[in-house]
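Text of the file upload34.cif, holding mmCIF, C-alpha atoms:
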```cif
data_entry
#
loop_
_atom_site.group_PDB
_atom_site.id
_atom_site.type_symbol
_atom_site.label_atom_id
_atom_site.label_comp_id
_atom_site.auth_asym_id
_atom_site.auth_seq_id
_atom_site.Cartn_x
_atom_site.Cartn_y
_atom_site.Cartn_z
ATOM 1 C CA MET A 5 16.162 -11.024 3.802
ATOM 2 C CA LYS A 6 14.815 -11.877 0.344
ATOM 3 C CA ALA A 7 12.901 -9.273 -1.670
ATOM 4 C CA ALA A 8 11.565 -8.656 -5.189
ATOM 5 C CA VAL A 9 14.064 -6.124 -6.559
ATOM 6 C CA TRP A 10 13.879 -4.023 -9.739
ATOM 7 C CA HIS A 11 17.035 -4.167 -11.860
ATOM 8 C CA GLY A 12 15.811 -2.739 -15.156
ATOM 9 C CA LYS A 13 13.048 -2.922 -17.744
ATOM 10 C CA ARG A 14 11.526 -6.421 -17.618
ATOM 11 C CA ASP A 15 14.195 -7.418 -15.091
ATOM 12 C CA VAL A 16 12.897 -8.155 -11.580
ATOM 13 C CA ARG A 17 14.817 -10.582 -9.365
ATOM 14 C CA VAL A 18 14.542 -12.061 -5.898
ATOM 15 C CA ASP A 19 17.672 -10.797 -4.137
ATOM 16 C CA GLU A 20 19.200 -10.889 -0.692
ATOM 17 C CA VAL A 21 18.998 -7.360 0.746
ATOM 18 C CA PRO A 22 19.590 -5.876 4.226
ATOM 19 C CA ASP A 23 16.800 -6.292 6.777
ATOM 20 C CA PRO A 24 14.906 -3.054 7.475
ATOM 21 C CA THR A 25 15.343 -1.293 10.825
ATOM 22 C CA ILE A 26 13.546 1.336 12.875
ATOM 23 C CA LYS A 27 14.697 4.785 11.714
ATOM 24 C CA GLU A 28 12.057 7.091 13.214
ATOM 25 C CA ALA A 29 10.011 6.923 16.415
ATOM 26 C CA THR A 30 6.841 6.426 14.333
ATOM 27 C CA ASP A 31 8.221 3.386 12.452
ATOM 28 C CA ALA A 32 7.362 -0.268 12.826
ATOM 29 C CA VAL A 33 8.941 -3.328 11.223
ATOM 30 C CA ILE A 34 6.679 -6.186 10.188
ATOM 31 C CA ARG A 35 7.365 -9.726 9.063
ATOM 32 C CA VAL A 36 5.406 -9.995 5.824
ATOM 33 C CA THR A 37 3.118 -13.034 5.687
ATOM 34 C CA SER A 38 1.256 -12.156 2.462
ATOM 35 C CA THR A 39 1.486 -9.489 -0.218
ATOM 36 C CA GLY A 40 -0.509 -8.730 -3.334
ATOM 37 C CA LEU A 41 0.813 -8.271 -6.843
ATOM 38 C CA CYS A 42 -0.986 -5.208 -8.195
ATOM 39 C CA GLY A 43 -1.760 -4.474 -11.825
ATOM 40 C CA SER A 44 0.067 -1.184 -11.331
ATOM 41 C CA ASP A 45 3.235 -3.172 -10.529
ATOM 42 C CA LEU A 46 3.222 -4.111 -14.212
ATOM 43 C CA HIS A 47 3.748 -0.432 -15.079
ATOM 44 C CA LEU A 48 7.017 -0.595 -13.153
ATOM 45 C CA TYR A 49 8.022 -3.678 -15.112
ATOM 46 C CA GLU A 50 8.038 -1.646 -18.302
ATOM 47 C CA VAL A 51 6.277 1.724 -18.793
ATOM 48 C CA LEU A 52 7.437 3.498 -15.608
ATOM 49 C CA GLY A 53 10.934 2.030 -15.719
ATOM 50 C CA PRO A 54 12.580 5.448 -16.226
ATOM 51 C CA LEU A 55 11.309 6.447 -12.756
ATOM 52 C CA MET A 56 12.866 3.380 -11.088
ATOM 53 C CA GLU A 57 16.423 2.706 -9.972
ATOM 54 C CA PRO A 58 18.217 -0.644 -9.714
ATOM 55 C CA GLY A 59 17.775 -1.936 -6.174
ATOM 56 C CA ASP A 60 14.231 -0.602 -5.646
ATOM 57 C CA ILE A 61 12.102 -3.100 -3.676
ATOM 58 C CA LEU A 62 8.620 -3.549 -5.138
ATOM 59 C CA GLY A 63 5.197 -4.065 -3.581
ATOM 60 C CA HIS A 64 2.460 -2.035 -1.921
ATOM 61 C CA GLU A 65 -0.162 -4.570 -0.750
ATOM 62 C CA PRO A 66 1.352 -6.268 2.323
ATOM 63 C CA MET A 67 0.166 -7.700 5.593
ATOM 64 C CA GLY A 68 2.075 -9.415 8.342
ATOM 65 C CA VAL A 69 3.081 -9.579 11.985
ATOM 66 C CA VAL A 70 4.681 -6.710 13.894
ATOM 67 C CA GLU A 71 8.278 -7.491 14.892
ATOM 68 C CA GLU A 72 9.351 -4.145 16.363
ATOM 69 C CA VAL A 73 7.842 -0.700 17.001
ATOM 70 C CA GLY A 74 9.297 2.755 17.573
ATOM 71 C CA SER A 75 8.642 4.765 20.717
ATOM 72 C CA GLY A 76 6.041 6.883 18.903
ATOM 73 C CA VAL A 77 3.743 3.977 18.012
ATOM 74 C CA PRO A 78 1.495 3.421 21.047
ATOM 75 C CA GLY A 79 -1.175 1.365 19.289
ATOM 76 C CA LEU A 80 0.948 -1.566 18.102
ATOM 77 C CA ALA A 81 3.086 -4.190 19.795
ATOM 78 C CA PRO A 82 5.264 -7.069 18.620
ATOM 79 C CA GLY A 83 3.045 -9.985 17.681
ATOM 80 C CA ASP A 84 0.141 -7.872 16.413
ATOM 81 C CA ARG A 85 -1.200 -8.909 13.021
ATOM 82 C CA VAL A 86 -1.697 -5.980 10.623
ATOM 83 C CA VAL A 87 -2.675 -5.022 7.085
ATOM 84 C CA VAL A 88 -0.641 -2.107 5.709
ATOM 85 C CA PRO A 89 -2.371 0.366 3.331
ATOM 86 C CA PHE A 90 -0.432 1.314 0.207
ATOM 87 C CA GLN A 91 -0.201 5.043 0.974
ATOM 88 C CA ILE A 92 1.900 6.385 3.846
ATOM 89 C CA ALA A 93 0.028 9.047 5.822
ATOM 90 C CA CYS A 94 0.388 10.738 9.215
ATOM 91 C CA GLY A 95 -3.312 11.002 10.080
ATOM 92 C CA ALA A 96 -2.903 14.450 11.650
ATOM 93 C CA CYS A 97 -2.157 17.021 8.926
ATOM 94 C CA TRP A 98 -4.761 19.279 7.262
ATOM 95 C CA MET A 99 -5.269 16.810 4.374
ATOM 96 C CA CYS A 100 -5.472 13.703 6.562
ATOM 97 C CA GLU A 101 -7.980 15.342 8.910
ATOM 98 C CA ARG A 102 -10.243 15.811 5.880
ATOM 99 C CA GLY A 103 -9.959 12.182 4.782
ATOM 100 C CA LEU A 104 -7.490 12.921 1.965
ATOM 101 C CA MET A 105 -4.695 10.624 3.110
ATOM 102 C CA THR A 106 -3.228 10.187 -0.376
ATOM 103 C CA GLN A 107 -2.380 13.909 -0.205
ATOM 104 C CA CYS A 108 -0.793 13.722 3.274
ATOM 105 C CA GLU A 109 1.249 16.873 3.846
ATOM 106 C CA THR A 110 3.727 15.069 6.088
ATOM 107 C CA THR A 111 4.793 12.444 3.530
ATOM 108 C CA GLN A 112 3.971 14.413 0.362
ATOM 109 C CA VAL A 113 6.707 14.053 -2.288
ATOM 110 C CA ARG A 114 6.946 17.769 -3.025
ATOM 111 C CA GLU A 115 10.087 17.626 -5.157
ATOM 112 C CA GLN A 116 8.121 15.529 -7.663
ATOM 113 C CA GLY A 117 4.885 17.495 -7.316
ATOM 114 C CA MET A 118 3.081 14.383 -6.042
ATOM 115 C CA GLY A 119 0.934 13.424 -3.080
ATOM 116 C CA ALA A 120 1.650 11.060 -0.212
ATOM 117 C CA ALA A 121 4.517 8.599 -0.387
ATOM 118 C CA LEU A 122 3.643 5.045 -1.431
ATOM 119 C CA PHE A 123 5.354 1.758 -0.711
ATOM 120 C CA GLY A 124 7.469 0.290 -3.509
ATOM 121 C CA TYR A 125 6.483 2.771 -6.200
ATOM 122 C CA THR A 126 9.073 4.877 -8.051
ATOM 123 C CA LYS A 127 10.870 8.144 -7.350
ATOM 124 C CA LEU A 128 7.564 9.951 -7.959
ATOM 125 C CA TYR A 129 6.216 8.566 -4.702
ATOM 126 C CA GLY A 130 9.251 8.694 -2.454
ATOM 127 C CA GLN A 131 11.104 5.503 -3.442
ATOM 128 C CA VAL A 132 10.058 3.799 -0.170
ATOM 129 C CA PRO A 133 11.101 0.116 -0.090
ATOM 130 C CA GLY A 134 8.056 -2.068 -0.714
ATOM 131 C CA GLY A 135 6.372 -5.090 0.768
ATOM 132 C CA GLN A 136 7.247 -7.873 -1.677
ATOM 133 C CA ALA A 137 9.882 -8.862 0.837
ATOM 134 C CA GLU A 138 10.292 -10.896 3.986
ATOM 135 C CA TYR A 139 10.289 -7.769 6.180
ATOM 136 C CA LEU A 140 8.996 -4.217 5.753
ATOM 137 C CA ARG A 141 9.734 -0.961 7.517
ATOM 138 C CA VAL A 142 6.400 0.857 7.955
ATOM 139 C CA PRO A 143 6.714 4.642 8.397
ATOM 140 C CA GLN A 144 3.860 6.488 10.178
ATOM 141 C CA ALA A 145 2.929 3.204 11.855
ATOM 142 C CA HIS A 146 1.002 5.057 14.558
ATOM 143 C CA PHE A 147 -1.676 5.691 11.905
ATOM 144 C CA GLY A 148 -1.418 3.448 8.838
ATOM 145 C CA PRO A 149 -1.529 -0.243 9.775
ATOM 146 C CA VAL A 150 -4.936 -1.842 10.328
ATOM 147 C CA LYS A 151 -4.872 -4.338 13.193
ATOM 148 C CA VAL A 152 -6.490 -7.712 12.459
ATOM 149 C CA GLU A 153 -7.826 -9.524 15.520
ATOM 150 C CA SER A 154 -9.203 -12.608 13.742
ATOM 151 C CA GLU A 155 -7.344 -15.879 13.250
ATOM 152 C CA ALA A 156 -8.755 -16.268 9.715
ATOM 153 C CA ALA A 157 -6.390 -16.775 6.764
ATOM 154 C CA ASP A 158 -4.514 -13.819 5.277
ATOM 155 C CA ASP A 159 -6.552 -13.835 2.072
ATOM 156 C CA ARG A 160 -9.601 -12.851 4.135
ATOM 157 C CA PHE A 161 -7.954 -9.478 4.863
ATOM 158 C CA LEU A 162 -5.279 -8.766 2.254
ATOM 159 C CA CYS A 163 -7.668 -6.747 0.044
ATOM 160 C CA LEU A 164 -7.818 -4.101 2.802
ATOM 161 C CA SER A 165 -4.364 -2.890 1.730
ATOM 162 C CA ASP A 166 -5.385 -1.604 -1.718
ATOM 163 C CA VAL A 167 -8.111 -3.485 -3.602
ATOM 164 C CA LEU A 168 -11.065 -2.755 -1.325
ATOM 165 C CA PRO A 169 -10.332 0.945 -0.583
ATOM 166 C CA THR A 170 -9.513 1.655 -4.236
ATOM 167 C CA ALA A 171 -12.752 0.049 -5.406
ATOM 168 C CA TRP A 172 -14.755 1.748 -2.633
ATOM 169 C CA GLN A 173 -13.422 5.148 -3.705
ATOM 170 C CA ALA A 174 -14.298 4.444 -7.352
ATOM 171 C CA VAL A 175 -17.887 3.600 -6.398
ATOM 172 C CA SER A 176 -18.070 6.722 -4.210
ATOM 173 C CA TYR A 177 -16.902 8.888 -7.121
ATOM 174 C CA ALA A 178 -19.573 7.301 -9.362
ATOM 175 C CA ASP A 179 -22.276 8.557 -6.945
ATOM 176 C CA ILE A 180 -24.731 5.843 -7.981
ATOM 177 C CA PRO A 181 -28.306 6.697 -6.913
ATOM 178 C CA PRO A 182 -30.283 4.100 -4.921
ATOM 179 C CA GLY A 183 -31.413 1.400 -7.348
ATOM 180 C CA GLY A 184 -29.349 2.935 -10.140
ATOM 181 C CA SER A 185 -27.317 1.171 -12.795
ATOM 182 C CA VAL A 186 -23.539 1.109 -13.021
ATOM 183 C CA VAL A 187 -21.123 -0.194 -15.642
ATOM 184 C CA VAL A 188 -17.792 -1.603 -14.462
ATOM 185 C CA LEU A 189 -15.200 -1.899 -17.235
ATOM 186 C CA GLY A 190 -12.736 -4.668 -16.499
ATOM 187 C CA LEU A 191 -13.225 -7.469 -14.002
ATOM 188 C CA GLY A 192 -9.890 -7.900 -12.296
ATOM 189 C CA PRO A 193 -9.752 -7.682 -8.495
ATOM 190 C CA ILE A 194 -10.656 -3.961 -8.463
ATOM 191 C CA GLY A 195 -13.549 -4.390 -10.898
ATOM 192 C CA ASP A 196 -14.879 -7.433 -9.046
ATOM 193 C CA MET A 197 -14.734 -5.588 -5.729
ATOM 194 C CA ALA A 198 -16.355 -2.490 -7.283
ATOM 195 C CA CYS A 199 -19.312 -4.631 -8.384
ATOM 196 C CA ARG A 200 -19.718 -6.067 -4.884
ATOM 197 C CA ILE A 201 -19.437 -2.666 -3.239
ATOM 198 C CA ALA A 202 -21.906 -1.053 -5.662
ATOM 199 C CA LEU A 203 -24.492 -3.715 -4.816
ATOM 200 C CA HIS A 204 -23.713 -3.376 -1.107
ATOM 201 C CA ARG A 205 -24.305 0.380 -1.354
ATOM 202 C CA GLY A 206 -27.664 0.039 -3.073
ATOM 203 C CA ALA A 207 -27.075 -0.137 -6.837
ATOM 204 C CA GLY A 208 -29.822 -1.930 -8.752
ATOM 205 C CA THR A 209 -28.129 -3.281 -11.874
#
```

Transcribe the structure of this file into structure tokens.
Amino acid sequence: MKAAVWHGKRDVRVDEVPDPTIKEATDAVIRVTSTGLCGSDLHLYEVLGPLMEPGDILGHEPMGVVEEVGSGVPGLAPGDRVVVPFQIACGACWMCERGLMTQCETTQVREQGMGAALFGYTKLYGQVPGGQAEYLRVPQAHFGPVKVESEAADDRFLCLSDVLPTAWQAVSYADIPPGGSVVVLGLGPIGDMACRIALHRGAGT
């Protein structure tokens, strides 16, 4: 398959790489139909280069169609359309049960002192091959992927992978009172979504 592969600082290429396969019972493999390019991917292009290795596949905002599922993934079947969140979480550990999936104890990258593993994002977060590729192995697929039943275009749902939950969490942390004012610094996708969510949740200005 083709994938966006990191080769060095400011050196990302589209390469032919091996197709992913099922490795664990809780894995799925999806055919990627759309994937976002996150602002944090730019850190990998330069600033976080020392934490990358040549051959790392980038990307953590994918969606697509399930091609294959492991025996431990009862909720998905080939042909299902899914959005895949950027963090990899089990849904059953102490942290996940408390809604802290980015600190999942099952996928936590302890040797780096970090939280849950992430797709396509450095040795700090498990060096899991990412979704800027034709196919993606999805660990913990019994919990992570969000099934999409609608026939609407991918761009209607792609923000569920990172943009919408990241912005929602930012607005939650701000704890804006009903009718209150909020300042959003920066109006990229996250900032734009934060504005919409703040208004949806009752901000005044």

Shell around region 102-105 of chain A at 10 Å using all atoms listed in the file, local window under 5 positions removed, as number ranges by chain: A: 91-97, 110-112, 119-120, 148

Selection under test: the PyMOL selection byres ((chain A and resi 149-152) around 8); residues as a list of chain:residue names: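 With the PyMOL selection byres ((chain A and resi 149-152) around 8) on this model, the match is A:Asp84, A:Arg85, A:Val86, A:Val87, A:Val88, A:Pro89, A:Ala145, A:His146, A:Phe147, A:Gly148, A:Glu153, A:Ser154, A:Phe161.
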
Residue among A:Arg14, A:Pro78, A:Pro66, A:Gln116 lying closest to Val51 (chain A), counting all atoms listed in the file: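 Under the stated criterion, the closest residue is A:Arg14.
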
Contacts of region 131-141 of chain A at 6 Å (all atoms listed in the file; same-chain gap of 2+ positions) as a PyMOL selection string: chain A and resi 5-8+24+32-36+61-64+66+123-124+126-127+129

Write the selection just made, keeping C-alpha atoms, as a compact mmCIF listing (two decimals), keeping the file's coordinate frame?
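In the end it all went to result.txt:
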```txt
# COMPACT_ATOMS: atom_id res chain seq x y z
CA MET A 5 16.16 -11.02 3.80
CA LYS A 6 14.82 -11.88 0.34
CA ALA A 7 12.90 -9.27 -1.67
CA ALA A 8 11.56 -8.66 -5.19
CA PRO A 24 14.91 -3.05 7.48
CA ALA A 32 7.36 -0.27 12.83
CA VAL A 33 8.94 -3.33 11.22
CA ILE A 34 6.68 -6.19 10.19
CA ARG A 35 7.36 -9.73 9.06
CA VAL A 36 5.41 -9.99 5.82
CA ILE A 61 12.10 -3.10 -3.68
CA LEU A 62 8.62 -3.55 -5.14
CA GLY A 63 5.20 -4.07 -3.58
CA HIS A 64 2.46 -2.04 -1.92
CA PRO A 66 1.35 -6.27 2.32
CA PHE A 123 5.35 1.76 -0.71
CA GLY A 124 7.47 0.29 -3.51
CA THR A 126 9.07 4.88 -8.05
CA LYS A 127 10.87 8.14 -7.35
CA TYR A 129 6.22 8.57 -4.70
```

Residues selected by the PyMOL selection byres ((chain A and resi 54) around 10), written as a PyMOL selection string: chain A and resi 12-13+48+50-53+55-57+126-127

Would you mind completing region 6-23 of chain A so that it carries N, CA, C and O atoms, and writing it out as a PDB file, in the coordinates of the input?
```
ATOM      1  N   LYS A   6      15.088 -11.815   1.774  1.00  0.00           N
ATOM      2  CA  LYS A   6      14.815 -11.877   0.344  1.00  0.00           C
ATOM      3  C   LYS A   6      13.746 -10.852  -0.009  1.00  0.00           C
ATOM      4  O   LYS A   6      12.827 -10.588   0.768  1.00  0.00           O
ATOM      5  N   ALA A   7      13.869 -10.263  -1.212  1.00  0.00           N
ATOM      6  CA  ALA A   7      12.901  -9.273  -1.670  1.00  0.00           C
ATOM      7  C   ALA A   7      12.854  -9.272  -3.186  1.00  0.00           C
ATOM      8  O   ALA A   7      13.824  -9.654  -3.857  1.00  0.00           O
ATOM      9  N   ALA A   8      11.708  -8.844  -3.743  1.00  0.00           N
ATOM     10  CA  ALA A   8      11.565  -8.656  -5.189  1.00  0.00           C
ATOM     11  C   ALA A   8      12.181  -7.307  -5.546  1.00  0.00           C
ATOM     12  O   ALA A   8      11.680  -6.262  -5.123  1.00  0.00           O
ATOM     13  N   VAL A   9      13.257  -7.320  -6.314  1.00  0.00           N
ATOM     14  CA  VAL A   9      14.064  -6.124  -6.559  1.00  0.00           C
ATOM     15  C   VAL A   9      14.077  -5.794  -8.051  1.00  0.00           C
ATOM     16  O   VAL A   9      14.289  -6.668  -8.899  1.00  0.00           O
ATOM     17  N   TRP A  10      13.854  -4.505  -8.355  1.00  0.00           N
ATOM     18  CA  TRP A  10      13.879  -4.023  -9.739  1.00  0.00           C
ATOM     19  C   TRP A  10      15.320  -3.796 -10.159  1.00  0.00           C
ATOM     20  O   TRP A  10      16.093  -3.131  -9.477  1.00  0.00           O
ATOM     21  N   HIS A  11      15.692  -4.364 -11.328  1.00  0.00           N
ATOM     22  CA  HIS A  11      17.035  -4.167 -11.860  1.00  0.00           C
ATOM     23  C   HIS A  11      17.041  -3.429 -13.191  1.00  0.00           C
ATOM     24  O   HIS A  11      18.078  -2.924 -13.618  1.00  0.00           O
ATOM     25  N   GLY A  12      15.903  -3.389 -13.858  1.00  0.00           N
ATOM     26  CA  GLY A  12      15.811  -2.739 -15.156  1.00  0.00           C
ATOM     27  C   GLY A  12      14.511  -3.141 -15.824  1.00  0.00           C
ATOM     28  O   GLY A  12      13.731  -3.928 -15.291  1.00  0.00           O
ATOM     29  N   LYS A  13      14.266  -2.598 -17.003  1.00  0.00           N
ATOM     30  CA  LYS A  13      13.048  -2.922 -17.744  1.00  0.00           C
ATOM     31  C   LYS A  13      12.935  -4.428 -17.946  1.00  0.00           C
ATOM     32  O   LYS A  13      13.865  -5.074 -18.431  1.00  0.00           O
ATOM     33  N   ARG A  14      11.808  -4.983 -17.527  1.00  0.00           N
ATOM     34  CA  ARG A  14      11.526  -6.421 -17.618  1.00  0.00           C
ATOM     35  C   ARG A  14      12.552  -7.271 -16.868  1.00  0.00           C
ATOM     36  O   ARG A  14      12.778  -8.428 -17.205  1.00  0.00           O
ATOM     37  N   ASP A  15      13.157  -6.702 -15.844  1.00  0.00           N
ATOM     38  CA  ASP A  15      14.195  -7.418 -15.091  1.00  0.00           C
ATOM     39  C   ASP A  15      13.951  -7.241 -13.585  1.00  0.00           C
ATOM     40  O   ASP A  15      14.430  -6.284 -12.977  1.00  0.00           O
ATOM     41  N   VAL A  16      13.169  -8.138 -13.015  1.00  0.00           N
ATOM     42  CA  VAL A  16      12.897  -8.155 -11.580  1.00  0.00           C
ATOM     43  C   VAL A  16      13.423  -9.470 -11.024  1.00  0.00           C
ATOM     44  O   VAL A  16      13.151 -10.537 -11.574  1.00  0.00           O
ATOM     45  N   ARG A  17      14.201  -9.392  -9.935  1.00  0.00           N
ATOM     46  CA  ARG A  17      14.817 -10.582  -9.365  1.00  0.00           C
ATOM     47  C   ARG A  17      14.539 -10.663  -7.872  1.00  0.00           C
ATOM     48  O   ARG A  17      14.312  -9.644  -7.218  1.00  0.00           O
ATOM     49  N   VAL A  18      14.588 -11.874  -7.350  1.00  0.00           N
ATOM     50  CA  VAL A  18      14.542 -12.061  -5.898  1.00  0.00           C
ATOM     51  C   VAL A  18      15.982 -12.043  -5.400  1.00  0.00           C
ATOM     52  O   VAL A  18      16.782 -12.916  -5.740  1.00  0.00           O
ATOM     53  N   ASP A  19      16.310 -11.010  -4.624  1.00  0.00           N
ATOM     54  CA  ASP A  19      17.672 -10.797  -4.137  1.00  0.00           C
ATOM     55  C   ASP A  19      17.730 -10.880  -2.620  1.00  0.00           C
ATOM     56  O   ASP A  19      16.718 -10.702  -1.933  1.00  0.00           O
ATOM     57  N   GLU A  20      18.923 -11.081  -2.117  1.00  0.00           N
ATOM     58  CA  GLU A  20      19.200 -10.889  -0.692  1.00  0.00           C
ATOM     59  C   GLU A  20      19.516  -9.410  -0.478  1.00  0.00           C
ATOM     60  O   GLU A  20      20.391  -8.856  -1.141  1.00  0.00           O
ATOM     61  N   VAL A  21      18.782  -8.773   0.436  1.00  0.00           N
ATOM     62  CA  VAL A  21      18.998  -7.360   0.746  1.00  0.00           C
ATOM     63  C   VAL A  21      19.035  -7.196   2.265  1.00  0.00           C
ATOM     64  O   VAL A  21      18.601  -8.087   3.004  1.00  0.00           O
ATOM     65  N   PRO A  22      19.546  -6.064   2.774  1.00  0.00           N
ATOM     66  CA  PRO A  22      19.590  -5.876   4.226  1.00  0.00           C
ATOM     67  C   PRO A  22      18.198  -5.840   4.847  1.00  0.00           C
ATOM     68  O   PRO A  22      17.245  -5.326   4.247  1.00  0.00           O
ATOM     69  N   ASP A  23      18.063  -6.382   6.038  1.00  0.00           N
ATOM     70  CA  ASP A  23      16.800  -6.292   6.777  1.00  0.00           C
ATOM     71  C   ASP A  23      16.514  -4.836   7.115  1.00  0.00           C
ATOM     72  O   ASP A  23      17.434  -4.070   7.430  1.00  0.00           O
TER      73      ASP A  23
END
```
